[in-house]
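Trainee: The structure that follows is given in the form of structure tokens.
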Amino acid sequence: MKKLTCLGLSIVMALSLLAGCGSNTTTSDDGQNNAGGASNTASTSENKQPDLSGVVNTNGSTSMESVVKILGEAFHEANPEVEVKYSGSGSGAGVTSAIDGTADLGLASRELTAEEQEQGAVAHVVALDGVAIVVNPENGVEELTVEQIAQIFTGEITNWKELGGEDMEIAVYGREAGSGTRGAFEEILDIEDATKYLNEYSSTGDVIGNVASNPAAIGYASLSAVGDTVKAVKVDGVECSEATVQDGSYAIQRPFIMITKDGTQLSQVAQAFLDFAMSEDAAQLIIQAGAVPPVA
Amino acid sequence: MEEANIMPQTALEVCRNEKCRGKGLSMGRKIYDRGLRGLVWLCAGLTCTLLVFLIGYIFYRGLPNLSLEFLTTQESLLKGTMGILPAIQNTLYVVGVTLVIALPLGVGAAVYLTEYASNRRLVTTIEFATETLSGIPSILYALVGYLAFSKTLGLGYSLLAASLTLAMMNLPTIIRTTQESLKTVPQGYREGALGLGSGKWHMIRTIVLPGSIDGIVTGCILSVGRIVGESAVLLYVGGMDGTMNNFFASLDKFAHSSGATLTVQLYVFAKERAMMDPAFAVAVVLLVLTFLINLAAKVVGKRLRQR
Amino acid sequence: MKRAQKINPLEAGMHGLFFLCGFVAVAFVLVITVYLVISGLPAIREIGPVNFLLGTTWDSKNKTNPQYGILPFILTSIYGTAGAIVVGVPIGFLTAVFLAKVAPPKVAAVIRPAVDLLAGIPSVVYGMVGMVVLLPAIRELFQLRAGDTLLAAILVLAVMILPSIISVSETALRSVPREYEEASLALGATEIETYFRVTVPAAKSGVAAAVVLGVGRAIGEAMAIMMVAGNAPNMPGLFKSVKFLTTAVASEMSYASDGTLHKMALFSIGLVLFIFIMMINVVLNAILKGEKE
């Protein structure tokens, strides 16, 4: 029996260690009272609201990772008792989880479809983003037309030499069917249901990682996630950058949206975070994350 | 075999010590013998090479990226730093909550099976159910966990829902190991206690359970190993966030917090974000944990066998 | 229990409590079965069992004409598992012979815990090493456009089932009575002849159990192969990007919208997988029972 008590005690100790871990990161311990009074949280998040406490689960677009994380981190700094959680599972999942309530806020890197709106999904645009067409840095091709891109992704052009590059078969990489980047990309190029992918990856980073390791590859990814490992080609002579997305000259762009469900009351913290993300305070952070704020 | 002066005891040793091994065999038998022996050594060598390569490669890629800061902070995009403390914290939470749920259930079930159950058919049913549970792959647990806990119970993406799912998954392990060690408690102890007028529950509490504590601990360790190594359930039910949780601040946070454990964090780094350096560093942490868990299981297992 | 005892409320309560615990396992299996069957059947009914199981095209997001045929997944799972068995079982089995019989005891004592370690390594770690090492190697070696192929998945699976095959076969080989071997050796057979002609046949049901266990593990694995198989719903081919039953569920479950045929079809895939696993369990139990007798 003693041993059993010991075991019990050690479990309790392990758990209290866990509690210790948790409270290290927060500054105050008395923030549990969810006062119902503070409802006017919009754009006042600069002022600390010590009585705001809870968890905001966000889920969806992997392209929005850096935007949501940076917003979440800043919001957490302003409201230490609020934790903003991000899970990247693709835009389709983001819409689904907002509708079925498994996440507080859904995330999608495309417009909502009519069908989704019928199911009650409501979009809140937080940023704009370009879909960069990425190739391996070793690839000599620097520029493509929208037409050529469509032909590559529908399998009409299959070798880089047809585009002035080396004699290599093109490895066409895309995203999984639920991806917002894929949805936006195919819709803008009007090649829905006609694409022929060699491989389909489940996240933005996965596409970039695989393009970076394969000299013959082409793929598409969020501008905010493009780094030095891959090269974004010019589309119709326009470079993919924050400036060209903002002035609309870069052709392949889409919004980043947060999704709520019509008729469902958001939790107080989720509402506060959504208001913060839409506020002007967030604009600087969105730029820092590599995307373009919608109001400028 | 080092000491040739000792008289061989068995036919096997005679065979191994025979100086003229292979002499007098026909050509065909010689080829058979040598060929298979070579093949056996080759395969064993292959397994070892594989193992050494795996571990060596992971340490080679991972160790340079491992630092105290990496283990004790959380990732910050504002500051541009990297850390996996939240993943460690989430792993501890999941292990703790899963065991708190599965342990009493598992031990209780094992006690029922060995001490109480008198209906043969019921025992067979329960044992069949246990075997079925242990054969179901984790992706199906993820599916059912999502349906049952995230949706039906309304827990959403949360580590609590993931822990409940993992409790289902680990029940068979705990039942089996506890049952095995309950069987090692001598029947005479039970009869003695009952004969002295002790009630059944009193007998179980004072004689049977203390005597089988090693088996229960082994079950726990094996479960911990399985939980630490699990990824599908945690990814699809538990979420993949990488920031600190404050589980015990309120009931809402306890039930509602989502996040990545170490394996999920590794998956997110490697697959979702194409960041191989931190991914390998997490792999090193996981390897060391696996090693420690195996070691602990071995030590407890040895104590169990000594009895 | 035979004699009527004085009913003590505490005793009765504890009896009830323990019974409940025992029943929980049964309840869990029922919950799992009921959830999978209830959520899995509607799509099969709507698509038609023949179209669903034997359809060769899976195009779930096609807006005009979505197709839900899972034959590619079923065949990929079967080919992948068979491939892993073909590669993994001989190596694992011969390693088990080595550990149980041939190896000097000191060598075996070093390798055995190492094999246990191999068994404990999380599957995502295998997937990641496969991604980083195997994929570029396969691409270079076979001059492919991409290394994410069925072949990569087979190799990763083969490594993953190795530890369970080794440990189960080793246990089986060790449990063969020593006298059998002694007799064979005394009759003039060599050591190796004895192991392969006497010990192995005597341990065959144990070895069979190891193989079936390996099949179960390979067919149920999701995360590791999701990282190396490419995940395009092609009919299987060694150098093609493929989707398994498990990875089809894993990669599409989160984004399929609720209530759509797509989501329900994924649950149906789960149900098909569940049936596969149950069949394997039945075979495994039969083998183990046969061994006991």
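Chain identifiers are assigned as A, B, and so on, following the order in which chains appear in the structure tokens; residues are numbered from 1 within each chain, and ligands are numbered from 1 in order of appearance.
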Write out as a PyMOL selection string every residue belonging to chain C that has an atom at most 10 Å from any atom of chain A, counting only C-alpha atoms.
Mentor: chain C and resi 59-66+131-132+135-136+139+144-149+226-227+229-234+240-242+251-258
Trainee: Write a file of the selected residues as a PDB file, in the first residue's frame, keeping C-alpha atoms.
Mentor:
```pdb
ATOM      1  CA  ASP C  59     -10.559  12.592 -56.938  1.00  0.00           C
ATOM      2  CA  SER C  60     -12.248  13.908 -53.845  1.00  0.00           C
ATOM      3  CA  LYS C  61     -11.992  17.623 -54.515  1.00  0.00           C
ATOM      4  CA  ASN C  62     -13.094  17.627 -58.127  1.00  0.00           C
ATOM      5  CA  LYS C  63     -15.874  20.189 -58.189  1.00  0.00           C
ATOM      6  CA  THR C  64     -17.825  18.797 -61.106  1.00  0.00           C
ATOM      7  CA  ASN C  65     -17.352  15.063 -60.828  1.00  0.00           C
ATOM      8  CA  PRO C  66     -15.757  13.818 -57.618  1.00  0.00           C
ATOM      9  CA  MET C 131      12.820  11.975 -45.776  1.00  0.00           C
ATOM     10  CA  VAL C 132      16.303  13.331 -45.367  1.00  0.00           C
ATOM     11  CA  LEU C 135      14.376  10.293 -50.692  1.00  0.00           C
ATOM     12  CA  PRO C 136      17.385  12.039 -52.265  1.00  0.00           C
ATOM     13  CA  ARG C 139      15.943  10.046 -56.628  1.00  0.00           C
ATOM     14  CA  LEU C 144      13.583   9.900 -60.861  1.00  0.00           C
ATOM     15  CA  ARG C 145      11.875  13.269 -60.780  1.00  0.00           C
ATOM     16  CA  ALA C 146      11.139  12.796 -57.088  1.00  0.00           C
ATOM     17  CA  GLY C 147      12.155  10.290 -54.431  1.00  0.00           C
ATOM     18  CA  ASP C 148       8.778  10.136 -52.650  1.00  0.00           C
ATOM     19  CA  THR C 149       7.752   6.680 -53.809  1.00  0.00           C
ATOM     20  CA  MET C 226       3.025   9.937 -44.886  1.00  0.00           C
ATOM     21  CA  MET C 227       6.397  11.655 -44.735  1.00  0.00           C
ATOM     22  CA  ALA C 229       5.263   8.262 -49.864  1.00  0.00           C
ATOM     23  CA  GLY C 230       4.376  11.440 -51.772  1.00  0.00           C
ATOM     24  CA  ASN C 231       0.639  11.090 -51.105  1.00  0.00           C
ATOM     25  CA  ALA C 232      -0.763  11.217 -54.631  1.00  0.00           C
ATOM     26  CA  PRO C 233      -3.672   8.799 -55.106  1.00  0.00           C
ATOM     27  CA  ASN C 234      -2.024   6.759 -57.890  1.00  0.00           C
ATOM     28  CA  LYS C 240       5.241   6.195 -58.077  1.00  0.00           C
ATOM     29  CA  SER C 241       3.981   8.567 -55.473  1.00  0.00           C
ATOM     30  CA  VAL C 242       1.263   6.698 -53.585  1.00  0.00           C
ATOM     31  CA  SER C 251      -3.889  13.478 -44.992  1.00  0.00           C
ATOM     32  CA  GLU C 252      -7.491  14.322 -45.839  1.00  0.00           C
ATOM     33  CA  MET C 253      -9.355  13.909 -42.561  1.00  0.00           C
ATOM     34  CA  SER C 254      -8.691  17.380 -41.261  1.00  0.00           C
ATOM     35  CA  TYR C 255      -9.796  19.347 -44.283  1.00  0.00           C
ATOM     36  CA  ALA C 256     -12.780  17.407 -45.589  1.00  0.00           C
ATOM     37  CA  SER C 257     -15.821  19.408 -44.559  1.00  0.00           C
ATOM     38  CA  ASP C 258     -18.309  17.909 -42.183  1.00  0.00           C
TER      39      ASP C 258
END
```
Trainee: Set the distance at 7 Å and use only C-alpha atoms: which residues neighbour stretch 73-89 of chain C once local chain neighbours fewer than 3 positions away are removed? I'd like the list as an MDAnalysis selection string.
Mentor: chainID C and resid 70 92:93 150 154:155 157:159 161:162 165 211 215 218:219 236 242:245
Trainee: If you keep N, CA and C atoms, can you produce a file of those selected residues as a PDB file, in the first residue's frame?
Mentor:
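This went into selection_30.pdb:
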```pdb
ATOM      1  N   ILE C  70     -11.466   3.527 -53.865  1.00  0.00           N
ATOM      2  CA  ILE C  70     -10.307   3.371 -52.981  1.00  0.00           C
ATOM      3  C   ILE C  70      -9.443   2.179 -53.343  1.00  0.00           C
ATOM      4  N   GLY C  92      15.054  -9.762 -40.495  1.00  0.00           N
ATOM      5  CA  GLY C  92      14.706  -9.859 -39.085  1.00  0.00           C
ATOM      6  C   GLY C  92      14.818 -11.282 -38.578  1.00  0.00           C
ATOM      7  N   PHE C  93      14.347 -12.227 -39.385  1.00  0.00           N
ATOM      8  CA  PHE C  93      14.357 -13.614 -38.963  1.00  0.00           C
ATOM      9  C   PHE C  93      15.786 -14.134 -38.803  1.00  0.00           C
ATOM     10  N   LEU C 150       6.617   4.600 -53.481  1.00  0.00           N
ATOM     11  CA  LEU C 150       6.255   3.390 -52.754  1.00  0.00           C
ATOM     12  C   LEU C 150       7.508   2.697 -52.218  1.00  0.00           C
ATOM     13  N   ILE C 154       8.197   1.403 -48.498  1.00  0.00           N
ATOM     14  CA  ILE C 154       8.480  -0.002 -48.191  1.00  0.00           C
ATOM     15  C   ILE C 154       9.728  -0.115 -47.324  1.00  0.00           C
ATOM     16  N   LEU C 155      10.768   0.632 -47.703  1.00  0.00           N
ATOM     17  CA  LEU C 155      12.017   0.532 -46.945  1.00  0.00           C
ATOM     18  C   LEU C 155      11.825   1.039 -45.513  1.00  0.00           C
ATOM     19  N   LEU C 157       9.022   1.115 -43.814  1.00  0.00           N
ATOM     20  CA  LEU C 157       8.203   0.130 -43.100  1.00  0.00           C
ATOM     21  C   LEU C 157       9.023  -1.097 -42.718  1.00  0.00           C
ATOM     22  N   ALA C 158       9.890  -1.545 -43.645  1.00  0.00           N
ATOM     23  CA  ALA C 158      10.697  -2.737 -43.366  1.00  0.00           C
ATOM     24  C   ALA C 158      11.553  -2.515 -42.125  1.00  0.00           C
ATOM     25  N   VAL C 159      12.153  -1.320 -42.036  1.00  0.00           N
ATOM     26  CA  VAL C 159      12.969  -1.026 -40.856  1.00  0.00           C
ATOM     27  C   VAL C 159      12.096  -0.986 -39.608  1.00  0.00           C
ATOM     28  N   ILE C 161       9.287  -2.595 -38.921  1.00  0.00           N
ATOM     29  CA  ILE C 161       8.766  -3.872 -38.406  1.00  0.00           C
ATOM     30  C   ILE C 161       9.899  -4.792 -37.951  1.00  0.00           C
ATOM     31  N   LEU C 162      11.131  -4.432 -38.283  1.00  0.00           N
ATOM     32  CA  LEU C 162      12.280  -5.266 -37.930  1.00  0.00           C
ATOM     33  C   LEU C 162      12.311  -5.644 -36.440  1.00  0.00           C
ATOM     34  N   ILE C 165       9.698  -8.248 -35.380  1.00  0.00           N
ATOM     35  CA  ILE C 165       9.981  -9.553 -35.976  1.00  0.00           C
ATOM     36  C   ILE C 165      11.149 -10.221 -35.268  1.00  0.00           C
ATOM     37  N   VAL C 211       5.525 -12.784 -38.219  1.00  0.00           N
ATOM     38  CA  VAL C 211       5.215 -12.223 -39.538  1.00  0.00           C
ATOM     39  C   VAL C 211       3.861 -11.508 -39.518  1.00  0.00           C
ATOM     40  N   VAL C 215       2.876  -7.702 -40.268  1.00  0.00           N
ATOM     41  CA  VAL C 215       1.844  -7.266 -41.210  1.00  0.00           C
ATOM     42  C   VAL C 215       0.931  -6.245 -40.542  1.00  0.00           C
ATOM     43  N   ALA C 218       2.703  -2.959 -40.105  1.00  0.00           N
ATOM     44  CA  ALA C 218       2.963  -2.248 -41.354  1.00  0.00           C
ATOM     45  C   ALA C 218       1.684  -1.667 -41.934  1.00  0.00           C
ATOM     46  N   ILE C 219       0.596  -2.409 -41.867  1.00  0.00           N
ATOM     47  CA  ILE C 219      -0.633  -1.937 -42.496  1.00  0.00           C
ATOM     48  C   ILE C 219      -1.244  -0.786 -41.696  1.00  0.00           C
ATOM     49  N   PRO C 236      -0.733   1.726 -57.362  1.00  0.00           N
ATOM     50  CA  PRO C 236       0.624   1.531 -56.883  1.00  0.00           C
ATOM     51  C   PRO C 236       1.626   1.151 -57.971  1.00  0.00           C
ATOM     52  N   VAL C 242       2.466   7.457 -53.908  1.00  0.00           N
ATOM     53  CA  VAL C 242       1.263   6.698 -53.585  1.00  0.00           C
ATOM     54  C   VAL C 242       0.645   7.124 -52.262  1.00  0.00           C
ATOM     55  N   LYS C 243      -0.598   6.718 -52.085  1.00  0.00           N
ATOM     56  CA  LYS C 243      -1.327   6.951 -50.844  1.00  0.00           C
ATOM     57  C   LYS C 243      -1.770   5.614 -50.289  1.00  0.00           C
ATOM     58  N   PHE C 244      -1.564   5.386 -49.012  1.00  0.00           N
ATOM     59  CA  PHE C 244      -2.025   4.160 -48.351  1.00  0.00           C
ATOM     60  C   PHE C 244      -3.407   4.410 -47.753  1.00  0.00           C
ATOM     61  N   LEU C 245      -4.070   3.325 -47.289  1.00  0.00           N
ATOM     62  CA  LEU C 245      -5.339   3.496 -46.581  1.00  0.00           C
ATOM     63  C   LEU C 245      -5.159   4.440 -45.400  1.00  0.00           C
TER      64      LEU C 245
END
```
Trainee: Residues of chain C near chain B: apply a cut-off of 6 Å, count only C-alpha atoms, and supply the list as number ranges by chain.
Mentor: C: 11, 18-19, 21-22, 26, 91, 94-95, 98, 120, 122, 182, 185-186, 192, 220
Trainee: Identify every residue of chain B that has at least one atom within 9 Å of any atom of chain A, counting only C-alpha atoms, and report the result as a ChimeraX atom specification.
Mentor: /B:76-78,85-86,89-90,92-93,96-97,99-100,150-151,154-158,205-207,209-210,213,217,239-250,252-253,256-260,268-275
Trainee: With N, CA and C atoms retained, write the just-selected residues as a short mmCIF file (atom, residue, chain, number, x, y, z; two decimals), in the first residue's frame.
Mentor:
```cif
data_model
loop_
_atom_site.label_atom_id
_atom_site.label_comp_id
_atom_site.auth_asym_id
_atom_site.auth_seq_id
_atom_site.Cartn_x
_atom_site.Cartn_y
_atom_site.Cartn_z
N SER B 76 10.11 32.21 -30.30
CA SER B 76 9.58 33.56 -30.41
C SER B 76 9.84 34.10 -31.80
N LEU B 77 8.78 34.46 -32.50
CA LEU B 77 8.96 35.06 -33.81
C LEU B 77 9.38 36.51 -33.68
N LEU B 78 8.93 37.16 -32.60
CA LEU B 78 9.30 38.55 -32.39
C LEU B 78 10.80 38.66 -32.16
N LEU B 85 10.51 24.05 -25.00
CA LEU B 85 9.97 23.84 -23.67
C LEU B 85 8.46 23.53 -23.70
N PRO B 86 7.67 24.25 -24.52
CA PRO B 86 6.24 23.93 -24.56
C PRO B 86 5.98 22.47 -24.93
N GLN B 89 6.61 20.36 -21.95
CA GLN B 89 5.51 20.54 -21.00
C GLN B 89 4.26 19.78 -21.47
N ASN B 90 3.93 19.91 -22.74
CA ASN B 90 2.74 19.22 -23.25
C ASN B 90 2.89 17.71 -23.14
N LEU B 92 4.62 16.08 -20.89
CA LEU B 92 4.41 15.73 -19.48
C LEU B 92 2.92 15.73 -19.14
N TYR B 93 2.22 16.73 -19.64
CA TYR B 93 0.77 16.82 -19.37
C TYR B 93 0.06 15.58 -19.90
N GLY B 96 0.93 12.48 -17.94
CA GLY B 96 0.30 12.53 -16.62
C GLY B 96 -1.19 12.24 -16.69
N VAL B 97 -1.90 13.00 -17.52
CA VAL B 97 -3.36 12.86 -17.58
C VAL B 97 -3.75 11.46 -18.08
N LEU B 99 -2.11 8.65 -17.79
CA LEU B 99 -1.89 7.63 -16.76
C LEU B 99 -2.92 7.76 -15.64
N VAL B 100 -3.25 8.98 -15.26
CA VAL B 100 -4.23 9.16 -14.19
C VAL B 100 -5.56 8.53 -14.59
N SER B 150 -13.48 15.03 -29.43
CA SER B 150 -13.43 16.39 -29.95
C SER B 150 -14.83 16.87 -30.34
N LYS B 151 -15.60 15.98 -30.97
CA LYS B 151 -16.90 16.42 -31.47
C LYS B 151 -18.05 16.08 -30.54
N GLY B 154 -17.45 17.57 -27.35
CA GLY B 154 -17.23 19.01 -27.50
C GLY B 154 -15.92 19.52 -26.95
N LEU B 155 -14.91 18.65 -26.86
CA LEU B 155 -13.63 19.11 -26.32
C LEU B 155 -12.77 19.80 -27.38
N GLY B 156 -13.13 19.67 -28.63
CA GLY B 156 -12.37 20.32 -29.70
C GLY B 156 -10.95 19.80 -29.80
N TYR B 157 -10.09 20.55 -30.49
CA TYR B 157 -8.67 20.19 -30.51
C TYR B 157 -8.12 20.49 -29.13
N SER B 158 -7.81 19.50 -28.36
CA SER B 158 -7.24 19.78 -27.04
C SER B 158 -6.42 18.59 -26.59
N ARG B 205 -6.22 -5.24 -1.18
CA ARG B 205 -5.55 -3.98 -0.86
C ARG B 205 -4.23 -4.23 -0.10
N THR B 206 -4.23 -5.20 0.79
CA THR B 206 -3.06 -5.37 1.64
C THR B 206 -2.10 -6.44 1.12
N ILE B 207 -2.59 -7.41 0.38
CA ILE B 207 -1.72 -8.51 -0.05
C ILE B 207 -1.43 -8.45 -1.55
N LEU B 209 -2.28 -6.23 -4.26
CA LEU B 209 -1.76 -5.05 -4.95
C LEU B 209 -0.33 -4.71 -4.57
N PRO B 210 0.01 -4.68 -3.26
CA PRO B 210 1.41 -4.39 -2.93
C PRO B 210 2.37 -5.40 -3.54
N ILE B 213 3.13 -4.54 -7.37
CA ILE B 213 3.44 -3.14 -7.71
C ILE B 213 4.44 -3.05 -8.85
N VAL B 217 4.09 -0.84 -12.23
CA VAL B 217 5.08 0.16 -12.64
C VAL B 217 5.58 -0.15 -14.06
N GLY B 239 -3.77 18.88 -31.52
CA GLY B 239 -3.30 20.15 -32.08
C GLY B 239 -1.80 20.19 -32.22
N MET B 240 -1.28 21.28 -32.80
CA MET B 240 0.17 21.33 -33.03
C MET B 240 0.80 22.67 -32.65
N ASP B 241 0.22 23.35 -31.69
CA ASP B 241 0.76 24.64 -31.33
C ASP B 241 2.06 24.50 -30.56
N GLY B 242 2.91 25.48 -30.66
CA GLY B 242 4.20 25.42 -29.98
C GLY B 242 4.42 26.50 -28.94
N THR B 243 3.37 26.94 -28.24
CA THR B 243 3.58 27.93 -27.18
C THR B 243 3.22 27.33 -25.83
N MET B 244 3.70 27.99 -24.76
CA MET B 244 3.49 27.46 -23.42
C MET B 244 2.02 27.42 -23.06
N ASN B 245 1.65 26.40 -22.31
CA ASN B 245 0.30 26.30 -21.77
C ASN B 245 0.33 26.58 -20.29
N ASN B 246 -0.81 27.01 -19.77
CA ASN B 246 -0.91 27.24 -18.34
C ASN B 246 -2.08 26.40 -17.84
N PHE B 247 -1.86 25.04 -17.89
CA PHE B 247 -2.95 24.10 -17.69
C PHE B 247 -3.74 24.32 -16.41
N PHE B 248 -3.05 24.67 -15.33
CA PHE B 248 -3.70 24.63 -14.04
C PHE B 248 -4.23 25.98 -13.60
N ALA B 249 -4.25 26.94 -14.52
CA ALA B 249 -4.75 28.26 -14.16
C ALA B 249 -6.26 28.24 -13.98
N SER B 250 -6.95 27.48 -14.80
CA SER B 250 -8.40 27.41 -14.65
C SER B 250 -8.88 26.12 -15.31
N ASP B 252 -11.08 25.84 -17.52
CA ASP B 252 -11.17 26.08 -18.96
C ASP B 252 -9.84 25.79 -19.64
N LYS B 253 -8.76 26.29 -19.04
CA LYS B 253 -7.46 26.08 -19.66
C LYS B 253 -7.04 24.62 -19.58
N HIS B 256 -9.10 22.95 -22.33
CA HIS B 256 -9.18 23.58 -23.63
C HIS B 256 -7.82 23.78 -24.31
N SER B 257 -6.74 23.61 -23.55
CA SER B 257 -5.42 23.90 -24.11
C SER B 257 -5.05 22.87 -25.17
N SER B 258 -4.52 23.35 -26.27
CA SER B 258 -4.04 22.44 -27.30
C SER B 258 -2.56 22.67 -27.49
N GLY B 259 -1.90 21.75 -28.15
CA GLY B 259 -0.49 21.97 -28.36
C GLY B 259 0.21 20.73 -28.87
N ALA B 260 1.49 20.91 -29.23
CA ALA B 260 2.28 19.84 -29.80
C ALA B 260 3.11 19.18 -28.71
N VAL B 268 6.05 18.72 -37.11
CA VAL B 268 5.78 20.08 -37.59
C VAL B 268 7.06 20.71 -38.14
N PHE B 269 8.16 20.56 -37.38
CA PHE B 269 9.44 21.12 -37.86
C PHE B 269 9.84 20.48 -39.19
N ALA B 270 9.80 19.15 -39.22
CA ALA B 270 10.37 18.44 -40.38
C ALA B 270 9.47 18.54 -41.60
N LYS B 271 8.16 18.35 -41.40
CA LYS B 271 7.28 18.19 -42.54
C LYS B 271 6.55 19.48 -42.90
N GLU B 272 6.05 20.18 -41.88
CA GLU B 272 5.23 21.35 -42.18
C GLU B 272 6.09 22.58 -42.46
N ARG B 273 7.22 22.66 -41.78
CA ARG B 273 7.98 23.90 -41.90
C ARG B 273 9.34 23.72 -42.54
N ALA B 274 9.70 22.48 -42.89
CA ALA B 274 10.98 22.20 -43.53
C ALA B 274 12.16 22.79 -42.77
N MET B 275 12.10 22.69 -41.43
CA MET B 275 13.22 23.16 -40.61
C MET B 275 13.90 21.93 -40.01
#
```
Trainee: For B:Gly301, please output as a ChimeraX atom specification all residues within 9 Å (counting only C-alpha atoms; exclusion window: fewer than 4 positions along the same chain).
Mentor: /B:214-215,218,296-297,305-306
Trainee: Do you know which residues are at most 9 Å from B:Pro64 counting only C-alpha atoms, after dropping those on the same chain fewer than 3 positions away, and could you put them as a ChimeraX atom specification?
Mentor: /B:59-61,67,277,281
